[in-house]
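The structure file work_2.cif is reproduced below (mmCIF, C-alpha atoms).
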data_final
#
loop_
_atom_site.group_PDB
_atom_site.id
_atom_site.type_symbol
_atom_site.label_atom_id
_atom_site.label_comp_id
_atom_site.auth_asym_id
_atom_site.auth_seq_id
_atom_site.Cartn_x
_atom_site.Cartn_y
_atom_site.Cartn_z
ATOM 1 C CA MET I 119 -44.341 -38.835 63.464
ATOM 2 C CA PRO I 120 -45.443 -35.679 61.621
ATOM 3 C CA ASP I 121 -46.462 -32.594 63.590
ATOM 4 C CA SER I 122 -50.098 -33.149 62.624
ATOM 5 C CA LYS I 123 -51.916 -36.241 63.829
ATOM 6 C CA LEU I 124 -54.593 -35.643 61.216
ATOM 7 C CA ASP I 125 -54.522 -34.718 57.548
ATOM 8 C CA ILE I 126 -57.844 -33.311 56.319
ATOM 9 C CA ILE I 127 -58.198 -33.670 52.551
ATOM 10 C CA ILE I 128 -60.697 -31.337 50.892
ATOM 11 C CA PRO I 129 -61.168 -31.811 47.127
ATOM 12 C CA VAL I 130 -62.346 -28.530 45.620
ATOM 13 C CA TYR I 131 -63.799 -27.183 42.410
ATOM 14 C CA ASN I 132 -64.536 -23.432 42.560
ATOM 15 C CA GLU I 133 -65.413 -23.522 46.260
ATOM 16 C CA GLY I 134 -64.505 -19.888 46.885
ATOM 17 C CA GLU I 135 -67.941 -19.182 48.384
ATOM 18 C CA ASN I 136 -67.744 -22.117 50.814
ATOM 19 C CA ILE I 137 -64.171 -22.771 51.856
ATOM 20 C CA SER I 138 -63.782 -20.004 54.466
ATOM 21 C CA ALA I 139 -66.790 -21.237 56.444
ATOM 22 C CA VAL I 140 -65.414 -24.800 56.362
ATOM 23 C CA LEU I 141 -61.974 -23.676 57.564
ATOM 24 C CA ASP I 142 -63.542 -21.504 60.279
ATOM 25 C CA ALA I 143 -65.488 -24.529 61.540
ATOM 26 C CA LEU I 144 -62.314 -26.628 61.676
ATOM 27 C CA VAL I 145 -60.405 -23.940 63.579
ATOM 28 C CA ARG I 146 -63.296 -23.516 66.002
ATOM 29 C CA GLU I 147 -64.115 -27.181 66.667
ATOM 30 C CA VAL I 148 -61.080 -29.436 66.091
ATOM 31 C CA ARG I 149 -58.508 -29.816 68.874
ATOM 32 C CA THR I 150 -56.505 -32.645 67.289
ATOM 33 C CA PRO I 151 -53.360 -31.183 65.630
ATOM 34 C CA PHE I 152 -54.249 -31.136 61.946
ATOM 35 C CA ARG I 153 -53.268 -29.948 58.511
ATOM 36 C CA VAL I 154 -55.653 -29.197 55.661
ATOM 37 C CA SER I 155 -54.816 -30.246 52.102
ATOM 38 C CA ILE I 156 -56.793 -28.300 49.522
ATOM 39 C CA CYS I 157 -56.738 -30.488 46.386
ATOM 40 C CA TYR I 158 -57.563 -28.577 43.214
ATOM 41 C CA ASP I 159 -57.673 -29.230 39.463
ATOM 42 C CA PHE I 160 -56.600 -25.951 37.864
ATOM 43 C CA GLU I 161 -54.866 -22.702 38.809
ATOM 44 C CA GLU I 162 -57.925 -20.554 37.996
ATOM 45 C CA ASP I 163 -60.042 -22.318 40.671
ATOM 46 C CA ASP I 164 -61.597 -19.527 42.738
ATOM 47 C CA THR I 165 -60.928 -21.521 45.927
ATOM 48 C CA LEU I 166 -57.283 -20.472 45.637
ATOM 49 C CA ASP I 167 -58.227 -16.785 45.605
ATOM 50 C CA ALA I 168 -60.280 -17.297 48.753
ATOM 51 C CA LEU I 169 -57.319 -19.028 50.420
ATOM 52 C CA LYS I 170 -55.076 -16.040 49.669
ATOM 53 C CA ARG I 171 -57.415 -13.906 51.776
ATOM 54 C CA TYR I 172 -57.744 -16.419 54.600
ATOM 55 C CA PRO I 173 -55.604 -15.756 57.732
ATOM 56 C CA ARG I 174 -53.035 -18.552 57.493
ATOM 57 C CA GLU I 175 -51.791 -18.039 61.051
ATOM 58 C CA LYS I 176 -55.024 -19.681 62.210
ATOM 59 C CA ILE I 177 -54.526 -22.965 60.378
ATOM 60 C CA ASP I 178 -51.959 -25.126 58.555
ATOM 61 C CA ILE I 179 -53.002 -25.299 54.886
ATOM 62 C CA VAL I 180 -51.226 -26.869 51.939
ATOM 63 C CA GLU I 181 -52.395 -26.573 48.357
ATOM 64 C CA VAL I 182 -52.116 -29.830 46.410
ATOM 65 C CA LYS I 183 -52.323 -29.722 42.617
ATOM 66 C CA ASN I 184 -54.354 -32.628 41.252
ATOM 67 C CA HIS I 185 -52.141 -35.087 39.357
ATOM 68 C CA GLY I 186 -55.099 -35.884 37.108
ATOM 69 C CA ASN I 187 -58.562 -34.423 36.773
ATOM 70 C CA GLY I 188 -61.745 -34.700 38.822
ATOM 71 C CA VAL I 189 -62.621 -35.535 42.391
ATOM 72 C CA HIS I 190 -61.166 -39.061 42.401
ATOM 73 C CA ASP I 191 -57.726 -37.919 41.275
ATOM 74 C CA ALA I 192 -57.901 -34.954 43.658
ATOM 75 C CA VAL I 193 -58.414 -37.241 46.653
ATOM 76 C CA MET I 194 -55.710 -39.646 45.447
ATOM 77 C CA SER I 195 -53.321 -36.690 45.145
ATOM 78 C CA GLY I 196 -54.221 -35.732 48.703
ATOM 79 C CA PHE I 197 -53.524 -39.271 49.903
ATOM 80 C CA GLN I 198 -50.110 -39.208 48.229
ATOM 81 C CA ALA I 199 -49.242 -35.890 49.894
ATOM 82 C CA SER I 200 -50.415 -37.053 53.321
ATOM 83 C CA ASP I 201 -48.195 -38.471 56.071
ATOM 84 C CA ALA I 202 -50.332 -38.244 59.235
ATOM 85 C CA PRO I 203 -51.564 -41.324 61.161
ATOM 86 C CA ALA I 204 -55.173 -40.317 60.440
ATOM 87 C CA VAL I 205 -56.495 -39.118 57.065
ATOM 88 C CA LEU I 206 -59.945 -37.567 56.736
ATOM 89 C CA VAL I 207 -61.757 -36.703 53.511
ATOM 90 C CA LEU I 208 -64.131 -33.781 54.061
ATOM 91 C CA PRO I 209 -66.574 -32.321 51.510
ATOM 92 C CA ALA I 210 -65.786 -28.728 50.559
ATOM 93 C CA ASP I 211 -69.205 -27.454 51.651
ATOM 94 C CA ASP I 212 -69.333 -29.259 55.018
ATOM 95 C CA ASP I 213 -69.146 -26.597 57.710
ATOM 96 C CA TYR I 214 -71.442 -28.430 60.145
ATOM 97 C CA ASN I 215 -69.691 -31.721 61.088
ATOM 98 C CA ALA I 216 -66.375 -30.406 62.416
ATOM 99 C CA SER I 217 -67.387 -31.021 66.036
ATOM 100 C CA ARG I 218 -67.430 -34.785 65.327
ATOM 101 C CA ILE I 219 -63.865 -35.023 64.067
ATOM 102 C CA ASP I 220 -62.010 -35.279 67.392
ATOM 103 C CA HIS I 221 -64.183 -38.226 68.416
ATOM 104 C CA MET I 222 -63.535 -39.906 65.060
ATOM 105 C CA VAL I 223 -59.779 -39.523 65.546
ATOM 106 C CA SER I 224 -59.981 -40.899 69.103
ATOM 107 C CA LEU I 225 -61.687 -44.053 67.787
ATOM 108 C CA LEU I 226 -59.022 -44.506 65.147
ATOM 109 C CA LEU I 227 -56.211 -44.050 67.664
ATOM 110 C CA GLU I 228 -57.890 -46.735 69.807
ATOM 111 C CA GLY I 229 -57.390 -49.255 67.009
ATOM 112 C CA CYS I 230 -59.934 -48.564 64.260
ATOM 113 C CA ASP I 231 -58.817 -48.480 60.651
ATOM 114 C CA ILE I 232 -61.906 -46.700 59.345
ATOM 115 C CA VAL I 233 -64.320 -44.410 61.139
ATOM 116 C CA SER I 234 -67.342 -43.802 58.951
ATOM 117 C CA ALA I 235 -69.677 -40.873 59.418
ATOM 118 C CA SER I 236 -73.256 -42.114 59.092
ATOM 119 C CA ARG I 237 -76.353 -40.163 58.196
ATOM 120 C CA PHE I 238 -78.504 -43.161 59.182
ATOM 121 C CA LEU I 239 -77.553 -43.532 62.842
ATOM 122 C CA PRO I 240 -79.565 -41.913 65.644
ATOM 123 C CA GLU I 241 -78.607 -38.211 65.742
ATOM 124 C CA GLY I 242 -77.640 -38.384 62.078
ATOM 125 C CA LYS I 243 -79.713 -36.932 59.250
ATOM 126 C CA MET I 244 -79.852 -36.349 55.516
ATOM 127 C CA VAL I 245 -81.736 -33.214 54.533
ATOM 128 C CA GLY I 246 -82.867 -32.022 51.110
ATOM 129 C CA CYS I 247 -81.520 -34.980 49.149
ATOM 130 C CA PRO I 248 -83.031 -35.476 45.651
ATOM 131 C CA TRP I 249 -85.513 -38.353 45.788
ATOM 132 C CA LEU I 250 -83.678 -40.709 43.403
ATOM 133 C CA LYS I 251 -80.338 -40.293 45.123
ATOM 134 C CA SER I 252 -82.013 -40.716 48.525
ATOM 135 C CA ILE I 253 -83.687 -43.978 47.499
ATOM 136 C CA LEU I 254 -80.499 -45.429 46.015
ATOM 137 C CA VAL I 255 -78.284 -44.418 48.937
ATOM 138 C CA ARG I 256 -80.698 -45.558 51.649
ATOM 139 C CA THR I 257 -81.528 -48.842 49.930
ATOM 140 C CA ALA I 258 -77.906 -49.747 49.233
ATOM 141 C CA SER I 259 -76.831 -48.968 52.784
ATOM 142 C CA PHE I 260 -79.769 -50.881 54.290
ATOM 143 C CA VAL I 261 -79.101 -53.982 52.199
ATOM 144 C CA LEU I 262 -75.347 -53.976 52.821
ATOM 145 C CA PHE I 263 -75.779 -53.594 56.576
ATOM 146 C CA HIS I 264 -78.641 -56.029 57.127
ATOM 147 C CA PHE I 265 -78.036 -58.667 54.444
ATOM 148 C CA ALA I 266 -74.322 -58.465 53.622
ATOM 149 C CA ARG I 267 -73.271 -57.744 57.222
ATOM 150 C CA LEU I 268 -71.117 -54.753 56.390
ATOM 151 C CA PRO I 269 -70.529 -53.018 59.754
ATOM 152 C CA CYS I 270 -71.567 -49.624 58.434
ATOM 153 C CA HIS I 271 -75.024 -48.050 58.132
ATOM 154 C CA ASP I 272 -73.960 -45.534 55.459
ATOM 155 C CA ALA I 273 -71.711 -47.234 52.927
ATOM 156 C CA THR I 274 -71.691 -44.462 50.316
ATOM 157 C CA ASN I 275 -70.850 -41.504 52.549
ATOM 158 C CA GLY I 276 -67.678 -39.755 51.399
ATOM 159 C CA PHE I 277 -67.054 -38.158 54.811
ATOM 160 C CA ARG I 278 -64.777 -40.839 56.227
ATOM 161 C CA LEU I 279 -61.603 -41.204 58.314
ATOM 162 C CA PHE I 280 -58.892 -43.667 57.279
ATOM 163 C CA SER I 281 -55.873 -45.004 59.130
ATOM 164 C CA ARG I 282 -52.387 -44.707 57.708
ATOM 165 C CA ARG I 283 -52.478 -48.474 57.152
ATOM 166 C CA VAL I 284 -55.557 -48.237 54.902
ATOM 167 C CA VAL I 285 -54.026 -45.468 52.789
ATOM 168 C CA ASP I 286 -50.585 -47.069 52.536
ATOM 169 C CA VAL I 287 -51.507 -50.735 52.101
ATOM 170 C CA ILE I 288 -54.742 -51.094 50.114
ATOM 171 C CA GLU I 289 -54.559 -50.538 46.372
ATOM 172 C CA VAL I 290 -57.375 -48.350 45.030
ATOM 173 C CA GLU I 291 -58.746 -49.815 41.814
ATOM 174 C CA SER I 292 -61.649 -47.394 41.366
ATOM 175 C CA SER I 293 -61.357 -44.344 39.172
ATOM 176 C CA ALA I 294 -64.835 -42.773 39.289
ATOM 177 C CA GLY I 295 -65.815 -40.016 41.689
ATOM 178 C CA PHE I 296 -66.138 -40.988 45.340
ATOM 179 C CA THR I 297 -66.201 -44.754 44.731
ATOM 180 C CA TYR I 298 -62.707 -45.037 46.237
ATOM 181 C CA SER I 299 -64.389 -44.465 49.634
ATOM 182 C CA ILE I 300 -66.723 -47.465 49.492
ATOM 183 C CA GLU I 301 -63.875 -49.514 47.961
ATOM 184 C CA LEU I 302 -61.565 -48.823 50.912
ATOM 185 C CA LEU I 303 -64.447 -49.542 53.286
ATOM 186 C CA VAL I 304 -65.362 -52.932 51.822
ATOM 187 C CA LYS I 305 -61.746 -54.008 51.346
ATOM 188 C CA SER I 306 -60.957 -53.146 54.967
ATOM 189 C CA HIS I 307 -63.990 -55.209 55.948
ATOM 190 C CA ARG I 308 -62.662 -58.139 53.932
ATOM 191 C CA MET I 309 -59.271 -57.728 55.612
ATOM 192 C CA GLY I 310 -61.003 -58.030 58.988
ATOM 193 C CA TRP I 311 -59.896 -54.576 60.082
ATOM 194 C CA ARG I 312 -61.947 -52.677 62.648
ATOM 195 C CA ILE I 313 -64.608 -50.271 61.392
ATOM 196 C CA GLU I 314 -66.583 -47.902 63.623
ATOM 197 C CA GLU I 315 -69.264 -45.279 63.007
ATOM 198 C CA VAL I 316 -70.314 -41.900 64.313
ATOM 199 C CA PRO I 317 -73.530 -40.033 63.439
ATOM 200 C CA SER I 318 -73.262 -37.176 60.968
ATOM 201 C CA CYS I 319 -75.464 -34.677 59.190
ATOM 202 C CA TRP I 320 -75.738 -33.999 55.488
ATOM 203 C CA TYR I 321 -77.473 -31.107 53.763
ATOM 204 C CA GLU I 322 -78.086 -30.774 50.042
ATOM 205 C CA ARG I 323 -76.205 -27.828 48.584
ATOM 206 C CA ARG I 324 -78.104 -24.618 48.128
ATOM 207 C CA GLN I 325 -77.958 -22.997 44.684
ATOM 208 C CA ASP I 326 -75.706 -20.230 46.011
ATOM 209 C CA GLN I 327 -73.179 -22.816 47.216
ATOM 210 C CA GLY I 328 -72.276 -24.074 43.759
ATOM 211 C CA GLN I 329 -72.988 -27.363 42.051
ATOM 212 C CA SER I 330 -72.410 -30.754 43.640
ATOM 213 C CA ARG I 331 -69.988 -33.083 41.837
ATOM 214 C CA PHE I 332 -71.785 -36.205 43.052
ATOM 215 C CA ARG I 333 -73.016 -38.121 39.962
ATOM 216 C CA VAL I 334 -75.032 -41.009 41.353
ATOM 217 C CA LEU I 335 -76.254 -42.480 38.035
ATOM 218 C CA GLN I 336 -72.923 -42.011 36.284
ATOM 219 C CA TRP I 337 -71.063 -43.825 39.055
ATOM 220 C CA LEU I 338 -73.725 -46.474 39.706
ATOM 221 C CA PRO I 339 -71.930 -49.325 37.852
ATOM 222 C CA ASP I 340 -68.797 -48.699 39.926
ATOM 223 C CA TYR I 341 -70.797 -48.705 43.154
ATOM 224 C CA LEU I 342 -72.515 -51.958 42.144
ATOM 225 C CA HIS I 343 -69.145 -53.661 41.721
ATOM 226 C CA TRP I 344 -68.282 -52.997 45.372
ATOM 227 C CA PHE I 345 -71.856 -53.760 46.433
ATOM 228 C CA PHE I 346 -71.440 -57.346 45.207
ATOM 229 C CA TYR I 347 -67.910 -57.449 46.623
ATOM 230 C CA VAL I 348 -69.404 -57.214 50.149
ATOM 231 C CA PHE I 349 -71.791 -60.104 49.474
ATOM 232 C CA ALA I 350 -68.874 -62.170 48.195
ATOM 233 C CA THR I 351 -66.946 -61.384 51.366
ATOM 234 C CA THR I 352 -69.810 -62.557 53.591
ATOM 235 C CA TRP I 353 -71.487 -65.382 51.693
ATOM 236 C CA LEU I 354 -68.657 -66.780 49.576
ATOM 237 C CA ARG I 355 -66.195 -66.394 52.447
ATOM 238 C CA ARG I 356 -63.730 -64.409 50.394
ATOM 239 C CA GLY I 357 -60.778 -63.565 52.664
ATOM 240 C CA PRO I 358 -57.988 -61.013 52.997
ATOM 241 C CA GLU I 359 -55.761 -62.961 50.617
ATOM 242 C CA THR I 360 -58.034 -61.774 47.767
ATOM 243 C CA VAL I 361 -57.572 -58.050 48.521
ATOM 244 C CA LEU I 362 -55.287 -56.247 46.075
ATOM 245 C CA LEU I 363 -52.534 -54.543 48.067
ATOM 246 C CA LYS I 364 -50.104 -51.923 46.819
ATOM 247 C CA THR I 365 -47.147 -54.331 46.908
ATOM 248 C CA GLN I 366 -49.113 -56.771 44.781
ATOM 249 C CA ALA I 367 -50.102 -54.030 42.335
ATOM 250 C CA GLY I 368 -46.484 -52.976 41.997
ATOM 251 C CA SER I 369 -45.416 -56.507 41.097
ATOM 252 C CA ARG I 370 -47.847 -56.915 38.211
#
Translate this file's structure into structure tokens.
Amino acid sequence: MPDSKLDIIIPVYNEGENISAVLDALVREVRTPFRVSICYDFEEDDTLDALKRYPREKIDIVEVKNHGNGVHDAVMSGFQASDAPAVLVLPADDDYNASRIDHMVSLLLEGCDIVSASRFLPEGKMVGCPWLKSILVRTASFVLFHFARLPCHDATNGFRLFSRRVVDVIEVESSAGFTYSIELLVKSHRMGWRIEEVPSCWYERRQDQGQSRFRVLQWLPDYLHWFFYVFATTWLRRGPETVLLKTQAGSR
């Protein structure tokens, strides 16, 4: 077993103004032995300059060069570099949810394969979200939970903890943005693997925190594919034998 029980993957794009606060929150709040993988696209990313000034004796940080380009490839590169039993993807501006991470890891070590942070549970909240994104996210999550029986109130949240089994076994077919996260969620549901939730907060980025890379309309077709995948799981009784696994992908 690796020294860290938890790998925290943070995809970045010029997050020099935000990353120190996020790392400080992790050092302050997380007691689970962890390592942070900073996944970046290009050498001129100002996040790397901020990391040079950050006191490395406080935290185990590795810098992972993106094998492709964009947030999806950054997270996939982080997955490939990870070897811990628990793998968390954390937004690069999230310096307010670190206190929830130890509880998420404890649920996973008790037998969960995914622990999903939910903005729509009691004690959770979503603040400052643009109206169109808010409507789409809330509606999709409501429908999937109540009508497709997905055991998650917040299907599109990218702040999510995955077991080693999820990362190693399930083939990711998505290629757009954060859609890998809902894909792994709905495929784990189809596999019959245990999914739990914890409440979380989410705040829209301020202008001085840089620009969000979440492109809800651009990624909508990809999200819809997995939206209907959940209905097929529940109402057409699609089973685990229909989930594309990495061994199957390698044999094609």
Task: Among listed residues I:Glu175, I:Asp340, I:Asp164, I:Glu133, nearest I:Ser292 (using all atoms listed in the file) - done: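 Answer, going by the shortest atom-to-atom distance: I:Asp340.
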Which neighbours of I:Pro358 fall inside 12 Å, counting all atoms listed in the file, when residues of the same chain fewer than 6 positions from it are skipped, and could you give them as a compact mmCIF listing (two decimals) with C-alpha atoms, in the coordinates of the input?
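Written file, selection_9.txt:
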# COMPACT_ATOMS: atom_id res chain seq x y z
CA ILE I 288 -54.74 -51.09 50.11
CA VAL I 304 -65.36 -52.93 51.82
CA LYS I 305 -61.75 -54.01 51.35
CA SER I 306 -60.96 -53.15 54.97
CA HIS I 307 -63.99 -55.21 55.95
CA ARG I 308 -62.66 -58.14 53.93
CA MET I 309 -59.27 -57.73 55.61
CA GLY I 310 -61.00 -58.03 58.99
CA TRP I 311 -59.90 -54.58 60.08
CA ALA I 350 -68.87 -62.17 48.20
CA THR I 351 -66.95 -61.38 51.37
CA THR I 352 -69.81 -62.56 53.59
Task: From I:Val154, I:Ala143, I:Leu303, I:Val361, residue lying nearest I:Leu262 [all atoms listed in the file] - done: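 Of I:Val154, I:Ala143, I:Leu303, I:Val361, the one nearest I:Leu262 is I:Leu303, counting all atoms listed in the file.
Residue nearest I:Ile313 within the list I:Leu239, I:Val261, I:Ile253, I:Leu225: I:Leu225 [criterion: smallest interatomic distance, all atoms listed in the file].
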TODO: Excluding I:Ser234 and any residue of its chain fewer than 3 positions from it, enumerate the residues within 10 Å of it, using only C-alpha atoms, and give them as a list in words.
DONE: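 Final neighbour list, sorted by chain and number: Leu206, Met222, Asp231, Arg237, Pro269, Cys270, His271, Asp272, Ala273, Thr274, Asn275, Gly276, Phe277, Arg278, Leu279, Phe280, Ser299, Leu303, Ile313, Glu314, Glu315, Val316, Pro317 and Ser318 of chain I.
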Open item on the list: Could you list, as a PyMOL selection string, every residue matched by the PyMOL selection byres ((chain I and resi 177) around 12) in this structure?
Closed with: chain I and resi 122+126+138+140-146+148-149+151-155+169+172-176+178-180
Task: Coordinates-based distance that separates atom CA of I:Gly188 from atom CA of I:Leu250 (Å, one decimal) - done: 23.2 Å
TODO: Rounded to one decimal place, report the atom CA of I:Ala258-atom CA of I:Phe346 distance in Å.
DONE: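 Distance reported for this atom pair: 10.8 Å.
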TODO: Kindly give the distance, in Å, that separates atom CA of I:Val348 and atom CA of I:Ile127, rounded to a single decimal.
DONE: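 Here the two named atoms are 26.2 Å from each other.
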Task: Of the listed residues I:Tyr321, I:Phe349, I:Arg171, I:Ala367, that which approaches I:Pro248 most closely, counting all atoms listed in the file - done: I:Tyr321
Task: Nearest candidate to I:Ser252 (options I:Ser281, I:Trp320, I:Leu302, I:Gly368; using only C-alpha atoms) - done: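 Once distances to I:Ser252 are computed over only C-alpha atoms, the minimum belongs to I:Trp320.
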Task: Nearest candidate to I:His221 (options I:Gln366, I:Asn132, I:Thr150, I:Ser293; using all atoms listed in the file) - done: I:Thr150
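Residues matched by the PyMOL selection byres ((chain I and resi 187) around 12) in this file: Pro129, Val130, Tyr131, Cys157, Tyr158, Asp159, Phe160, Lys183, Asn184, His185, Gly186, Gly188, Val189, His190, Asp191, Ala192, Val193, Met194, Ser195, Ser293, Ala294 and Gly295 of chain I.
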Test item: axis-aligned box, all listed atoms of stretch 225-244 of chain I, 3 Å on each side, centre and edges in Å rounded to one decimal, as lines of an AutoDock Vina configuration file:
center_x = -68.0
center_y = -42.8
center_z = 62.7
size_x = 29.6
size_y = 18.9
size_z = 20.3
Compute the distance from (-82.0, -35.4, 48.2) to each atom, counting all atoms listed in the file, keep the residues with any atom at most 12 Å away, and return them as an mmCIF file with C-alpha atoms, keeping the file's coordinate frame; use the coordinates of the file.
data_model
loop_
_atom_site.group_PDB
_atom_site.id
_atom_site.type_symbol
_atom_site.label_atom_id
_atom_site.label_comp_id
_atom_site.auth_asym_id
_atom_site.auth_seq_id
_atom_site.Cartn_x
_atom_site.Cartn_y
_atom_site.Cartn_z
ATOM 1 C CA LYS I 243 -79.713 -36.932 59.250
ATOM 2 C CA MET I 244 -79.852 -36.349 55.516
ATOM 3 C CA VAL I 245 -81.736 -33.214 54.533
ATOM 4 C CA GLY I 246 -82.867 -32.022 51.110
ATOM 5 C CA CYS I 247 -81.520 -34.980 49.149
ATOM 6 C CA PRO I 248 -83.031 -35.476 45.651
ATOM 7 C CA TRP I 249 -85.513 -38.353 45.788
ATOM 8 C CA LEU I 250 -83.678 -40.709 43.403
ATOM 9 C CA LYS I 251 -80.338 -40.293 45.123
ATOM 10 C CA SER I 252 -82.013 -40.716 48.525
ATOM 11 C CA ILE I 253 -83.687 -43.978 47.499
ATOM 12 C CA LEU I 254 -80.499 -45.429 46.015
ATOM 13 C CA VAL I 255 -78.284 -44.418 48.937
ATOM 14 C CA ARG I 256 -80.698 -45.558 51.649
ATOM 15 C CA TRP I 320 -75.738 -33.999 55.488
ATOM 16 C CA TYR I 321 -77.473 -31.107 53.763
ATOM 17 C CA GLU I 322 -78.086 -30.774 50.042
ATOM 18 C CA ARG I 323 -76.205 -27.828 48.584
ATOM 19 C CA ARG I 324 -78.104 -24.618 48.128
ATOM 20 C CA SER I 330 -72.410 -30.754 43.640
ATOM 21 C CA PHE I 332 -71.785 -36.205 43.052
ATOM 22 C CA VAL I 334 -75.032 -41.009 41.353
#
Reconstructed stretch 202-208 of chain I, atom set all heavy atoms, as a JSON list (two decimals), in the coordinates of the input:
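Listed below is the output, result-v6.json:
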[["chain", "number", "residue", "atom", "x", "y", "z"],
["I", 202, "ALA", "N", -49.83, -38.17, 57.86],
["I", 202, "ALA", "CA", -50.33, -38.24, 59.24],
["I", 202, "ALA", "C", -50.90, -39.63, 59.53],
["I", 202, "ALA", "O", -51.27, -40.36, 58.61],
["I", 202, "ALA", "CB", -51.40, -37.18, 59.46],
["I", 203, "PRO", "N", -50.99, -40.02, 60.80],
["I", 203, "PRO", "CA", -51.56, -41.32, 61.16],
["I", 203, "PRO", "C", -53.04, -41.45, 60.81],
["I", 203, "PRO", "O", -53.53, -42.56, 60.60],
["I", 203, "PRO", "CB", -51.37, -41.40, 62.68],
["I", 203, "PRO", "CG", -50.33, -40.41, 63.01],
["I", 203, "PRO", "CD", -50.45, -39.32, 61.99],
["I", 204, "ALA", "N", -53.74, -40.32, 60.75],
["I", 204, "ALA", "CA", -55.17, -40.32, 60.44],
["I", 204, "ALA", "C", -55.42, -39.41, 59.25],
["I", 204, "ALA", "O", -54.88, -38.30, 59.18],
["I", 204, "ALA", "CB", -55.98, -39.83, 61.64],
["I", 205, "VAL", "N", -56.23, -39.88, 58.30],
["I", 205, "VAL", "CA", -56.50, -39.12, 57.06],
["I", 205, "VAL", "C", -58.00, -39.03, 56.87],
["I", 205, "VAL", "O", -58.69, -40.05, 56.71],
["I", 205, "VAL", "CB", -55.84, -39.80, 55.84],
["I", 205, "VAL", "CG1", -56.04, -38.93, 54.60],
["I", 205, "VAL", "CG2", -54.36, -40.07, 56.09],
["I", 206, "LEU", "N", -58.51, -37.81, 56.86],
["I", 206, "LEU", "CA", -59.94, -37.57, 56.74],
["I", 206, "LEU", "C", -60.24, -36.90, 55.41],
["I", 206, "LEU", "O", -59.55, -35.96, 55.01],
["I", 206, "LEU", "CB", -60.42, -36.65, 57.87],
["I", 206, "LEU", "CG", -61.90, -36.27, 57.86],
["I", 206, "LEU", "CD1", -62.75, -37.40, 58.43],
["I", 206, "LEU", "CD2", -62.14, -34.99, 58.67],
["I", 207, "VAL", "N", -61.27, -37.39, 54.71],
["I", 207, "VAL", "CA", -61.76, -36.70, 53.51],
["I", 207, "VAL", "C", -63.03, -35.96, 53.89],
["I", 207, "VAL", "O", -63.98, -36.56, 54.41],
["I", 207, "VAL", "CB", -62.03, -37.68, 52.36],
["I", 207, "VAL", "CG1", -62.53, -36.93, 51.13],
["I", 207, "VAL", "CG2", -60.76, -38.47, 52.02],
["I", 208, "LEU", "N", -63.03, -34.65, 53.66],
["I", 208, "LEU", "CA", -64.13, -33.78, 54.06],
["I", 208, "LEU", "C", -64.68, -33.05, 52.84],
["I", 208, "LEU", "O", -63.91, -32.44, 52.09],
["I", 208, "LEU", "CB", -63.64, -32.76, 55.09],
["I", 208, "LEU", "CG", -64.67, -31.81, 55.68],
["I", 208, "LEU", "CD1", -65.64, -32.56, 56.60],
["I", 208, "LEU", "CD2", -63.99, -30.68, 56.45]]
